[in-house]
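J.: Below is the file start-v8.txt, which contains compact mmCIF, C-alpha atoms.
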```txt
# COMPACT_ATOMS: atom_id res chain seq x y z
CA MET R 1169 -110.03 -38.85 -115.88
CA ARG R 1170 -108.28 -40.05 -112.73
CA VAL R 1171 -109.02 -36.75 -110.94
CA ARG R 1172 -112.69 -37.03 -111.87
CA PHE R 1173 -112.78 -40.58 -110.49
CA LEU R 1174 -111.15 -39.50 -107.23
CA VAL R 1175 -113.60 -36.61 -106.84
CA LEU R 1176 -116.50 -39.01 -107.44
CA VAL R 1177 -115.20 -41.52 -104.87
CA SER R 1178 -114.52 -38.84 -102.25
CA PHE R 1179 -118.00 -37.41 -102.81
CA ALA R 1180 -119.53 -40.87 -102.48
CA ILE R 1181 -117.74 -41.61 -99.21
CA GLY R 1182 -117.33 -38.23 -97.56
CA CYS R 1183 -120.22 -35.89 -98.22
CA SER R 1184 -123.44 -36.40 -96.33
CA TYR R 1185 -126.98 -35.50 -97.33
CA GLU R 1186 -127.97 -31.93 -96.52
CA SER R 1187 -131.70 -31.45 -96.25
CA GLN R 1188 -133.21 -28.49 -98.12
CA TYR R 1189 -136.44 -28.65 -96.12
CA LEU R 1190 -137.36 -25.48 -94.22
CA ALA R 1191 -140.05 -25.92 -91.61
CA PRO R 1192 -142.75 -23.21 -91.66
CA GLN R 1193 -143.02 -21.44 -88.30
CA ASP R 1194 -146.54 -22.65 -87.59
CA GLY R 1195 -145.97 -23.96 -84.07
CA ARG R 1196 -146.12 -27.66 -84.99
CA PRO R 1197 -142.87 -29.39 -83.90
CA ARG R 1198 -141.31 -31.62 -86.52
CA ALA R 1199 -138.65 -34.28 -86.76
CA VAL R 1200 -136.18 -32.95 -89.34
CA TRP R 1201 -132.93 -34.29 -90.80
CA GLN R 1202 -129.77 -32.46 -89.80
CA ARG R 1203 -126.13 -33.59 -89.82
CA ASP R 1204 -126.94 -37.26 -90.43
CA ARG R 1205 -129.54 -37.62 -87.69
CA VAL R 1206 -133.10 -36.75 -86.80
CA VAL R 1207 -133.48 -33.68 -84.57
CA VAL R 1208 -136.39 -31.75 -83.07
CA GLU R 1209 -137.43 -28.58 -84.92
CA ALA R 1210 -139.70 -26.50 -82.70
CA ALA R 1211 -141.02 -24.57 -85.74
CA GLY R 1212 -142.05 -21.56 -83.68
CA ALA R 1213 -143.65 -23.56 -80.85
CA GLN R 1214 -143.41 -21.90 -77.43
CA LEU R 1215 -141.56 -24.40 -75.27
CA SER R 1216 -142.04 -22.95 -71.80
CA PRO R 1217 -140.31 -24.50 -68.76
CA ASP R 1218 -143.66 -25.97 -67.66
CA CYS R 1219 -144.13 -27.51 -71.09
CA LEU R 1220 -140.61 -28.98 -71.11
CA ALA R 1221 -141.14 -30.39 -67.62
CA GLU R 1222 -144.31 -32.06 -68.87
CA LEU R 1223 -142.40 -33.45 -71.85
CA HIS R 1224 -139.68 -34.78 -69.55
CA GLY R 1225 -142.37 -36.53 -67.54
CA ILE R 1226 -143.63 -38.37 -70.63
CA VAL R 1227 -140.35 -39.22 -72.36
CA PRO R 1228 -137.60 -39.49 -69.74
CA TYR R 1229 -134.62 -38.18 -71.73
CA GLU R 1230 -132.25 -35.69 -70.14
CA GLU R 1231 -131.76 -33.50 -73.21
CA LEU R 1232 -134.04 -32.05 -75.84
CA GLN R 1233 -132.57 -33.23 -79.15
CA LEU R 1234 -132.52 -29.86 -80.87
CA GLY R 1235 -130.21 -29.22 -83.81
CA GLU R 1236 -127.97 -26.70 -82.06
CA PRO R 1237 -124.56 -27.98 -80.98
CA ARG R 1238 -124.08 -28.61 -77.28
CA LEU R 1239 -121.02 -27.75 -75.20
CA LEU R 1240 -118.77 -30.66 -74.45
CA PRO R 1241 -117.64 -31.32 -70.86
CA GLN R 1242 -114.15 -30.24 -69.87
CA PRO R 1243 -111.57 -32.93 -70.51
CA GLY R 1244 -109.91 -34.52 -67.50
CA PRO R 1245 -106.17 -34.26 -66.66
CA ARG R 1246 -103.93 -35.76 -69.31
CA ARG R 1247 -102.23 -39.04 -68.57
CA LYS R 1248 -98.59 -39.46 -69.43
CA PHE R 1249 -97.41 -42.64 -71.11
CA ARG R 1250 -93.87 -43.90 -70.89
CA LEU R 1251 -92.64 -45.41 -74.13
CA HIS R 1252 -90.32 -48.38 -74.01
CA ALA R 1253 -88.15 -49.56 -76.86
CA GLU R 1254 -89.84 -52.94 -77.05
CA PHE R 1255 -92.00 -54.75 -79.55
CA TRP R 1256 -95.54 -55.60 -78.65
CA ILE R 1257 -96.17 -59.25 -79.44
CA PRO R 1258 -99.65 -59.88 -80.86
CA VAL R 1259 -101.53 -62.85 -79.50
CA TYR R 1260 -103.57 -64.77 -82.05
CA VAL R 1261 -106.95 -65.68 -80.59
CA GLY R 1262 -108.81 -66.83 -83.72
CA ILE R 1263 -109.57 -70.29 -84.97
CA LEU R 1264 -106.76 -72.59 -86.06
CA VAL R 1265 -106.29 -72.37 -89.81
CA ALA R 1266 -105.35 -75.45 -91.78
CA PRO R 1267 -104.09 -75.25 -95.38
CA PRO R 1268 -106.50 -76.65 -97.94
CA PRO R 1269 -105.43 -79.54 -100.17
CA PRO R 1270 -103.77 -78.33 -103.42
CA HIS R 1271 -106.74 -79.27 -105.64
CA LEU R 1272 -109.11 -77.09 -103.51
CA LEU R 1273 -107.23 -73.82 -103.97
CA PRO R 1274 -109.55 -70.94 -105.04
CA PRO R 1275 -108.37 -68.55 -107.75
CA LEU R 1276 -105.84 -66.31 -106.03
CA LEU R 1277 -104.35 -63.01 -107.03
CA PRO R 1278 -100.63 -62.72 -107.61
CA PRO R 1279 -98.85 -61.20 -104.60
CA LEU R 1280 -99.37 -57.43 -104.51
CA LEU R 1281 -96.82 -56.65 -101.83
CA PRO R 1282 -93.28 -56.47 -103.18
CA ARG R 1283 -90.98 -58.94 -101.55
CA VAL R 1284 -88.32 -57.19 -99.57
CA SER R 1285 -85.07 -58.60 -100.76
CA GLY R 1286 -82.50 -59.78 -98.32
CA GLU R 1287 -83.59 -59.73 -94.72
CA ARG R 1288 -86.12 -62.27 -93.55
CA TYR R 1289 -87.21 -59.96 -90.70
CA ASP R 1290 -88.89 -57.48 -93.11
CA ASP R 1291 -90.84 -60.29 -94.74
CA ARG R 1292 -92.21 -61.27 -91.35
CA ALA R 1293 -93.11 -57.67 -90.53
CA LEU R 1294 -95.08 -57.38 -93.76
CA MET R 1295 -96.84 -60.66 -93.01
CA LEU R 1296 -97.70 -59.43 -89.53
CA LEU R 1297 -99.12 -56.23 -91.02
CA ALA R 1298 -101.18 -58.14 -93.57
CA THR R 1299 -102.45 -60.52 -90.88
CA LEU R 1300 -103.49 -57.68 -88.60
CA SER R 1301 -105.26 -55.99 -91.51
CA LEU R 1302 -107.07 -59.22 -92.31
CA LEU R 1303 -108.22 -59.51 -88.71
CA VAL R 1304 -109.42 -55.91 -88.44
CA LEU R 1305 -110.79 -55.06 -91.91
CA PRO R 1306 -113.48 -57.80 -92.04
CA ALA R 1307 -114.75 -56.65 -88.63
CA VAL R 1308 -114.89 -53.06 -89.95
CA ASP R 1309 -116.73 -54.30 -93.06
CA VAL R 1310 -119.35 -56.15 -91.06
CA ALA R 1311 -119.78 -53.29 -88.56
CA LEU R 1312 -120.26 -50.75 -91.35
CA ALA R 1313 -122.66 -53.03 -93.20
CA ALA R 1314 -124.76 -54.12 -90.24
CA ALA R 1315 -124.92 -51.01 -88.05
CA PRO R 1316 -128.01 -48.84 -88.46
CA ALA R 1317 -127.22 -45.71 -90.42
CA GLU R 1318 -128.87 -43.31 -87.98
CA SER R 1319 -127.55 -42.43 -84.54
CA ALA R 1320 -129.32 -43.50 -81.36
CA SER R 1321 -130.28 -39.88 -80.63
CA SER R 1322 -132.67 -40.04 -83.61
CA ALA R 1323 -134.97 -42.33 -81.62
CA GLN R 1324 -135.06 -39.77 -78.80
CA ALA R 1325 -135.78 -36.91 -81.20
CA ILE R 1326 -138.64 -38.86 -82.81
CA ASP R 1327 -140.13 -39.66 -79.38
CA GLN R 1328 -139.85 -36.04 -78.28
CA VAL R 1329 -141.54 -34.72 -81.44
CA ASN R 1330 -144.40 -37.23 -81.09
CA ALA R 1331 -144.82 -36.39 -77.40
CA LEU R 1332 -144.65 -32.62 -78.02
CA ASN R 1333 -147.32 -32.83 -80.72
CA ASP R 1334 -149.55 -34.88 -78.41
CA LEU R 1335 -149.07 -32.35 -75.61
CA MET R 1336 -149.81 -29.44 -77.94
CA ARG R 1337 -152.99 -31.14 -79.06
CA SER R 1338 -154.14 -31.85 -75.47
CA PRO R 1339 -156.42 -29.08 -74.13
CA GLU R 1340 -155.23 -29.45 -70.52
CA SER R 1341 -151.50 -29.43 -71.29
CA ASN R 1342 -149.00 -26.63 -70.57
CA CYS R 1343 -147.75 -27.03 -74.15
CA ARG R 1344 -151.23 -26.41 -75.62
CA TYR R 1345 -151.09 -24.73 -79.00
CA TYR R 1346 -152.85 -21.35 -79.21
CA GLN R 1347 -154.29 -19.99 -82.39
CA LEU R 1348 -153.75 -16.33 -83.18
CA GLY R 1349 -156.28 -14.22 -81.28
CA GLN R 1350 -156.63 -16.69 -78.43
CA ILE R 1351 -155.50 -15.63 -74.98
CA ALA R 1352 -152.94 -17.76 -73.19
CA PRO R 1353 -153.19 -18.37 -69.43
CA ALA R 1354 -151.01 -16.19 -67.20
CA GLY R 1355 -147.32 -17.04 -67.39
CA GLN R 1356 -147.46 -18.54 -70.89
CA THR R 1357 -146.71 -16.81 -74.13
CA PRO R 1358 -148.68 -17.91 -77.19
CA MET N 1234 -104.74 -53.86 -79.63
CA THR N 1235 -106.70 -55.90 -82.17
CA ARG N 1236 -108.85 -57.35 -79.45
CA GLY N 1237 -109.55 -53.85 -78.10
CA LEU N 1238 -110.44 -52.57 -81.56
CA LEU N 1239 -112.78 -55.51 -82.18
CA ALA N 1240 -114.41 -54.99 -78.78
CA ALA N 1241 -114.89 -51.28 -79.52
CA LEU N 1242 -116.41 -52.07 -82.92
CA LEU N 1243 -118.74 -54.69 -81.49
CA SER N 1244 -119.84 -52.49 -78.58
CA GLY N 1245 -120.44 -49.62 -81.01
CA LEU N 1246 -122.48 -51.95 -83.19
CA LEU N 1247 -124.54 -53.14 -80.24
CA ALA N 1248 -124.99 -49.66 -78.79
CA SER N 1249 -126.17 -48.22 -82.08
CA GLY N 1250 -128.50 -51.15 -82.69
CA CYS N 1251 -130.43 -50.99 -79.42
CA ALA N 1252 -132.35 -47.72 -79.88
CA THR N 1253 -136.12 -48.10 -79.79
CA SER N 1254 -138.99 -45.65 -79.51
CA GLN N 1255 -140.33 -45.34 -75.96
CA TYR N 1256 -143.38 -43.31 -76.90
CA GLU N 1257 -146.22 -43.83 -79.34
CA ALA N 1258 -148.03 -40.82 -80.85
CA THR N 1259 -151.64 -40.59 -79.65
CA PHE N 1260 -153.29 -37.52 -81.20
CA VAL N 1261 -152.71 -37.96 -84.93
CA ALA N 1262 -154.61 -36.44 -87.84
CA ARG N 1263 -156.29 -38.92 -90.18
CA GLY N 1264 -153.77 -38.94 -93.03
CA GLU N 1265 -150.78 -37.73 -91.00
CA LEU N 1266 -147.53 -39.66 -91.32
CA VAL N 1267 -145.85 -40.34 -87.98
CA MET N 1268 -142.34 -41.67 -87.43
CA SER N 1269 -141.25 -44.30 -85.00
CA TYR N 1270 -137.90 -45.96 -84.39
CA ASP N 1271 -137.29 -49.63 -83.75
CA ASP N 1272 -133.68 -50.30 -84.85
CA LYS N 1273 -134.67 -48.46 -88.02
CA ILE N 1274 -136.99 -45.64 -89.03
CA LYS N 1275 -140.63 -46.67 -89.53
CA MET N 1276 -143.51 -44.52 -90.77
CA PHE N 1277 -147.14 -45.03 -89.82
CA ALA N 1278 -150.44 -43.48 -90.87
CA GLY N 1279 -153.54 -44.19 -88.79
CA ARG N 1280 -151.53 -46.83 -86.85
CA LYS N 1281 -150.91 -48.73 -90.10
CA LEU N 1282 -147.30 -49.30 -91.15
CA VAL N 1283 -146.64 -47.42 -94.39
CA THR N 1284 -142.92 -47.95 -94.91
CA THR N 1285 -139.63 -48.77 -93.20
CA ALA N 1286 -135.95 -47.98 -93.72
CA PRO N 1287 -133.78 -48.61 -95.60
CA GLY N 1288 -135.80 -49.34 -98.78
CA TYR N 1289 -138.84 -47.11 -98.00
CA ARG N 1290 -141.03 -49.15 -100.34
CA GLY N 1291 -144.52 -47.72 -100.68
CA LEU N 1292 -143.64 -44.23 -99.44
CA ALA N 1293 -143.66 -42.64 -102.91
CA ASP N 1294 -147.14 -44.09 -103.59
CA PHE N 1295 -148.43 -42.90 -100.22
CA VAL N 1296 -147.28 -39.29 -100.66
CA GLY N 1297 -147.84 -39.25 -104.44
CA CYS N 1298 -150.17 -36.23 -104.50
CA VAL N 1299 -147.51 -33.86 -103.08
CA GLU N 1300 -144.88 -33.33 -105.75
CA ALA N 1301 -141.93 -32.38 -103.51
CA ALA N 1302 -142.67 -35.28 -101.16
CA HIS N 1303 -143.03 -37.71 -104.06
CA ASP N 1304 -139.66 -36.69 -105.53
CA GLN N 1305 -137.86 -37.13 -102.21
CA ALA N 1306 -139.62 -40.44 -101.52
CA ARG N 1307 -138.54 -41.85 -104.88
CA ARG N 1308 -134.95 -40.80 -104.22
CA ALA N 1309 -135.15 -42.38 -100.76
CA GLU N 1310 -136.38 -45.66 -102.28
CA ARG N 1311 -133.58 -45.65 -104.85
CA HIS N 1312 -130.77 -44.73 -102.47
CA GLY N 1313 -132.03 -46.98 -99.69
CA THR N 1314 -132.18 -50.05 -101.94
CA ALA N 1315 -128.75 -49.33 -103.43
CA GLY N 1316 -127.34 -48.76 -99.93
CA LEU N 1317 -128.74 -52.07 -98.71
CA VAL N 1318 -127.27 -53.99 -101.67
CA LEU N 1319 -123.85 -52.36 -101.25
CA SER N 1320 -123.86 -53.01 -97.50
CA ILE N 1321 -124.60 -56.71 -98.03
CA LEU N 1322 -121.89 -56.91 -100.69
CA GLY N 1323 -119.40 -55.07 -98.48
CA GLY N 1324 -120.08 -57.28 -95.47
CA SER N 1325 -119.83 -60.42 -97.60
CA LEU N 1326 -116.54 -59.33 -99.17
CA GLY N 1327 -115.19 -58.61 -95.69
CA GLY N 1328 -116.11 -62.14 -94.57
CA LEU N 1329 -114.49 -63.63 -97.67
CA GLY N 1330 -111.42 -61.46 -97.14
CA ALA N 1331 -110.87 -63.05 -93.74
CA GLY N 1332 -110.27 -66.26 -95.68
CA GLY N 1333 -106.91 -64.77 -96.66
CA LEU N 1334 -105.67 -65.84 -93.22
CA VAL N 1335 -105.33 -69.30 -94.70
CA GLY N 1336 -102.04 -67.92 -96.04
CA LEU N 1337 -100.61 -68.24 -92.51
CA ALA N 1338 -100.87 -71.98 -92.84
CA ASP N 1339 -100.23 -72.41 -96.56
CA GLY N 1340 -96.57 -71.47 -96.90
CA ASP N 1341 -96.43 -72.22 -100.65
CA HIS N 1342 -99.14 -69.70 -101.53
CA ARG N 1343 -98.81 -67.40 -98.51
CA TRP N 1344 -98.67 -64.08 -100.33
CA GLN N 1345 -101.34 -65.06 -102.84
CA TRP N 1346 -103.75 -65.78 -99.97
CA LEU N 1347 -102.86 -62.64 -98.03
CA SER N 1348 -103.03 -60.37 -101.10
CA SER N 1349 -106.38 -61.78 -102.22
CA GLY N 1350 -107.77 -61.43 -98.72
CA LEU N 1351 -106.58 -57.83 -98.44
CA VAL N 1352 -108.04 -56.87 -101.82
CA LEU N 1353 -111.40 -58.37 -100.84
CA ALA N 1354 -111.39 -56.79 -97.38
CA VAL N 1355 -110.46 -53.32 -98.64
CA SER N 1356 -113.10 -53.55 -101.39
CA GLY N 1357 -115.57 -54.57 -98.68
CA VAL N 1358 -114.75 -51.50 -96.58
CA ILE N 1359 -115.28 -49.19 -99.57
CA LEU N 1360 -118.58 -50.84 -100.57
CA ALA N 1361 -119.90 -50.96 -97.00
CA GLY N 1362 -118.91 -47.31 -96.47
CA VAL N 1363 -120.65 -46.14 -99.63
CA GLY N 1364 -123.64 -48.34 -98.72
CA ARG N 1365 -123.90 -46.76 -95.28
CA LYS N 1366 -123.68 -43.29 -96.79
CA LEU N 1367 -126.51 -44.12 -99.22
CA ARG N 1368 -128.68 -45.49 -96.40
CA LEU N 1369 -128.12 -42.26 -94.46
CA GLN N 1370 -129.05 -40.24 -97.54
CA ALA N 1371 -132.21 -42.32 -97.96
CA ASN N 1372 -133.19 -41.62 -94.35
CA GLY N 1373 -132.79 -37.88 -94.83
CA GLN N 1374 -134.82 -37.91 -98.03
CA ALA N 1375 -137.58 -40.01 -96.45
CA VAL N 1376 -137.78 -37.62 -93.47
CA ASP N 1377 -138.00 -34.69 -95.93
CA ALA N 1378 -140.74 -36.51 -97.87
CA LEU N 1379 -142.69 -37.01 -94.64
CA ASN N 1380 -142.41 -33.33 -93.73
CA TYR N 1381 -143.39 -32.04 -97.19
CA TYR N 1382 -146.37 -34.40 -97.18
CA ASN N 1383 -147.52 -33.55 -93.64
CA ASP N 1384 -147.18 -29.80 -94.29
CA ALA N 1385 -149.34 -29.94 -97.40
CA VAL N 1386 -151.76 -32.75 -96.63
CA GLY N 1387 -151.23 -35.01 -93.61
CA SER N 1388 -151.34 -32.58 -90.69
CA ARG N 1389 -154.54 -31.09 -92.12
CA GLY N 1390 -156.36 -34.39 -91.81
CA LEU N 1391 -156.20 -35.07 -95.54
CA SER N 1392 -154.58 -37.89 -97.46
CA CYS N 1393 -153.49 -38.90 -100.96
CA GLN N 1394 -155.18 -42.27 -100.43
CA ALA N 1395 -158.80 -43.28 -100.92
CA PRO N 1396 -160.90 -42.27 -97.89
CA ASP N 1397 -161.47 -45.83 -96.66
CA SER N 1398 -157.81 -46.93 -96.87
CA ILE N 1399 -156.80 -45.00 -93.72
CA LYS N 1400 -158.84 -45.07 -90.57
```
Translate the structure described by the file into structure tokens.
T.:
Amino acid sequence: MRVRFLVLVSFAIGCSYESQYLAPQDGRPRAVWQRDRVVVEAAGAQLSPDCLAELHGIVPYEELQLGEPRLLPQPGPRRKFRLHAEFWIPVYVGILVAPPPPHLLPPLLPPLLPRVSGERYDDRALMLLATLSLLVLPAVDVALAAAPAESASSAQAIDQVNALNDLMRSPESNCRYYQLGQIAPAGQTP
Amino acid sequence: MTRGLLAALLSGLLASGCATSQYEATFVARGELVMSYDDKIKMFAGRKLVTTAPGYRGLADFVGCVEAAHDQARRAERHGTAGLVLSILGGSLGGLGAGGLVGLADGDHRWQWLSSGLVLAVSGVILAGVGRKLRLQANGQAVDALNYYNDAVGSRGLSCQAPDSIK
């Protein structure tokens, strides 16, 4: 039962949606879903250098947002850190918190963290840990809840697909779509 | 460290929330669905807004005559709505969890405050994470619905709607 629950939770949090859609190779570029973002699927369209230059002139993005992975730049030289046997002292920058009057206490849970018997220092360390968690976790909550689910590159991919389709449907464009049997101008492959 | 983490989270939030379409499709078939992006995915047909993320209300009706598209659109509606609800719940729980900091000032109930705040904040992270995952799933299913519909109907100048509803 517990294993089944854990599998369900890990599936719910970890696994992303994998699209089953396969674009027919009909030469009409599409915006498709891949690895949690929208990417450009050329779908058999001939994207010649002239065509891509025209696209770059319309939507000024440096990269075509295709689904293939791109090479990352070489990392710079590693920096060395010297560790000192000191404690970092956190600085509290939030609002001042005043205790509420006793009759205004909300229903509270019993303490979950076991009290460390004996030394007062450990108690303070636990409190520091809990305080830091309470400062960070709400910010993570709000960021996760409010941030758009898609990545910013999706907007570029959508623009590029719309622009490519417009170019392919324009008779005077270098991206013009050729039907089978039609003859392409010199230097372009239908 | 905390300040740096908060700054990174906020800058990530702002950076991911600023994306907007710079180009509007011009040559569109009559019933063709076209995507646009303005902080969230939007879908248009004949320059009329059909649906937006994350709920994708109205998409299933619009693509109803293409079975594969209709199935994906209904899933997108379901997952998008659930994702939105969970995200709101997660964010709210996170805000409430911050109230646990009162324990710093209330020495008599310190650990009760801190424990309650932590439970709320951790629950908020789980709910917001699952909510985000569902919103992503809804986006993928809506994009699939658009493609199935355009392949079968939209890009051919046809539509599932009455002829005078799209111009």
J.: Compile a residue-level contact table for chain N against chain R at a cut-off of 7 Å, reporting for every qualifying residue the shortest atom pair and its distance in Å to one decimal, with all atoms listed in the file counted, rows ordered by chain and ascending number, as a Markdown table.
T.:
```
| residue | atom | partner | partner_atom | distance |
| --- | --- | --- | --- | --- |
| N:Thr1235 | CA | R:Val1304 | CA | 6.8 |
| N:Leu1239 | CA | R:Ala1307 | CA | 6.8 |
| N:Leu1242 | CA | R:Ala1311 | CA | 6.7 |
| N:Leu1246 | CA | R:Ala1315 | CA | 5.5 |
| N:Ser1249 | CA | R:Ala1320 | CA | 5.7 |
| N:Gly1250 | CA | R:Pro1316 | CA | 6.2 |
| N:Ala1252 | CA | R:Ala1320 | CA | 5.4 |
| N:Thr1253 | CA | R:Ala1323 | CA | 6.2 |
| N:Ser1254 | CA | R:Ala1323 | CA | 5.6 |
| N:Gln1255 | CA | R:Asp1327 | CA | 6.6 |
| N:Tyr1256 | CA | R:Asp1327 | CA | 5.5 |
| N:Ala1258 | CA | R:Asn1330 | CA | 5.1 |
| N:Thr1259 | CA | R:Asp1334 | CA | 6.2 |
| N:Phe1260 | CA | R:Asp1334 | CA | 5.4 |
| N:Met1268 | CA | R:Ile1326 | CA | 6.6 |
| N:Ser1269 | CA | R:Ile1326 | CA | 6.4 |
| N:Tyr1270 | CA | R:Ala1323 | CA | 5.4 |
| N:Asp1272 | CA | R:Pro1316 | CA | 6.9 |
| N:Lys1273 | CA | R:Pro1316 | CA | 6.7 |
| N:Ser1320 | CA | R:Ala1313 | CA | 4.5 |
| N:Ile1321 | CA | R:Ala1313 | CA | 6.4 |
| N:Gly1323 | CA | R:Asp1309 | CA | 6.1 |
| N:Gly1324 | CA | R:Val1310 | CA | 4.6 |
| N:Gly1327 | CA | R:Pro1306 | CA | 4.1 |
| N:Gly1328 | CA | R:Pro1306 | CA | 5.7 |
| N:Gly1330 | CA | R:Pro1306 | CA | 6.6 |
| N:Ala1331 | CA | R:Leu1302 | CA | 5.6 |
| N:Leu1334 | CA | R:Thr1299 | CA | 6.6 |
| N:Val1335 | CA | R:Val1265 | CA | 5.9 |
| N:Ala1338 | CA | R:Pro1267 | CA | 5.2 |
| N:Asp1339 | CA | R:Pro1267 | CA | 4.9 |
| N:Trp1344 | CA | R:Pro1279 | CA | 5.2 |
| N:Gln1345 | CA | R:Pro1279 | CA | 4.9 |
| N:Trp1346 | CA | R:Leu1276 | CA | 6.4 |
| N:Leu1347 | CA | R:Ala1298 | CA | 6.6 |
| N:Ser1348 | CA | R:Pro1279 | CA | 5.5 |
| N:Ser1349 | CA | R:Leu1277 | CA | 5.4 |
| N:Gly1350 | CA | R:Leu1302 | CA | 6.8 |
| N:Leu1351 | CA | R:Leu1302 | CA | 6.3 |
| N:Ala1354 | CA | R:Leu1305 | CA | 5.8 |
| N:Val1355 | CA | R:Leu1305 | CA | 7.0 |
| N:Gly1357 | CA | R:Asp1309 | CA | 5.7 |
| N:Val1358 | CA | R:Asp1309 | CA | 4.9 |
| N:Ala1361 | CA | R:Ala1313 | CA | 5.1 |
| N:Gly1362 | CA | R:Leu1312 | CA | 6.3 |
| N:Val1363 | CA | R:Ile1181 | CA | 5.4 |
| N:Arg1365 | CA | R:Ala1317 | CA | 6.0 |
| N:Lys1366 | CA | R:Ile1181 | CA | 6.6 |
| N:Arg1368 | CA | R:Ala1317 | CA | 6.2 |
| N:Leu1369 | CA | R:Ala1317 | CA | 5.4 |
| N:Gln1370 | CA | R:Tyr1185 | CA | 5.2 |
| N:Gly1373 | CA | R:Trp1201 | CA | 5.4 |
| N:Val1376 | CA | R:Val1200 | CA | 6.4 |
| N:Asp1377 | CA | R:Tyr1189 | CA | 6.2 |
```
J.: What does the distance between atom CA of Val1299 of chain N and atom CA of Gln1233 of chain R come to in Å, to one decimal place?
T.: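 Here the two named atoms are 28.2 Å from each other.
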J.: Go through segment 1283-1336 of chain N residue by residue and, counting all atoms listed in the file, keep those with an atom at most 12 Å from segment 1384-1389 of chain N; for each kept residue give the shortest atom pair and its distance in Å to one decimal, ordered by chain and increasing number, as JSON lines.
T.:
```
{"residue": "N:Phe1295", "atom": "CA", "partner": "N:Gly1387", "partner_atom": "CA", "distance": 10.7}
{"residue": "N:Val1296", "atom": "CA", "partner": "N:Val1386", "partner_atom": "CA", "distance": 8.9}
{"residue": "N:Gly1297", "atom": "CA", "partner": "N:Val1386", "partner_atom": "CA", "distance": 10.9}
{"residue": "N:Cys1298", "atom": "CA", "partner": "N:Val1386", "partner_atom": "CA", "distance": 8.8}
{"residue": "N:Val1299", "atom": "CA", "partner": "N:Ala1385", "partner_atom": "CA", "distance": 7.1}
{"residue": "N:Glu1300", "atom": "CA", "partner": "N:Ala1385", "partner_atom": "CA", "distance": 10.1}
{"residue": "N:Ala1301", "atom": "CA", "partner": "N:Ala1385", "partner_atom": "CA", "distance": 9.9}
{"residue": "N:Ala1302", "atom": "CA", "partner": "N:Ala1385", "partner_atom": "CA", "distance": 9.3}
```
J.: Do you have the atom CA of His1303 of chain N-atom CA of Leu1367 of chain N distance handy?
T.: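 About the pair atom CA of His1303 of chain N and atom CA of Leu1367 of chain N: they are 18.4 Å apart.
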J.: Could you give me, as a compact mmCIF listing (two decimals) with C-alpha atoms, in the coordinates of the input, the residues within 9 Å of Arg1263 of chain N, counting all atoms listed in the file and dropping anything in the same chain fewer than 5 positions from it?
T.:
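As a result, around-v8.txt now contains:
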```
# COMPACT_ATOMS: atom_id res chain seq x y z
CA ALA N 1278 -150.44 -43.48 -90.87
CA GLY N 1279 -153.54 -44.19 -88.79
CA GLY N 1387 -151.23 -35.01 -93.61
CA SER N 1388 -151.34 -32.58 -90.69
CA ARG N 1389 -154.54 -31.09 -92.12
CA GLY N 1390 -156.36 -34.39 -91.81
CA LEU N 1391 -156.20 -35.07 -95.54
CA SER N 1392 -154.58 -37.89 -97.46
CA ILE N 1399 -156.80 -45.00 -93.72
CA LYS N 1400 -158.84 -45.07 -90.57
```
J.: Quick one, how far is atom CA of Ser1356 of chain N from atom CA of Gly1336 of chain N?
T.: 18.9 Å
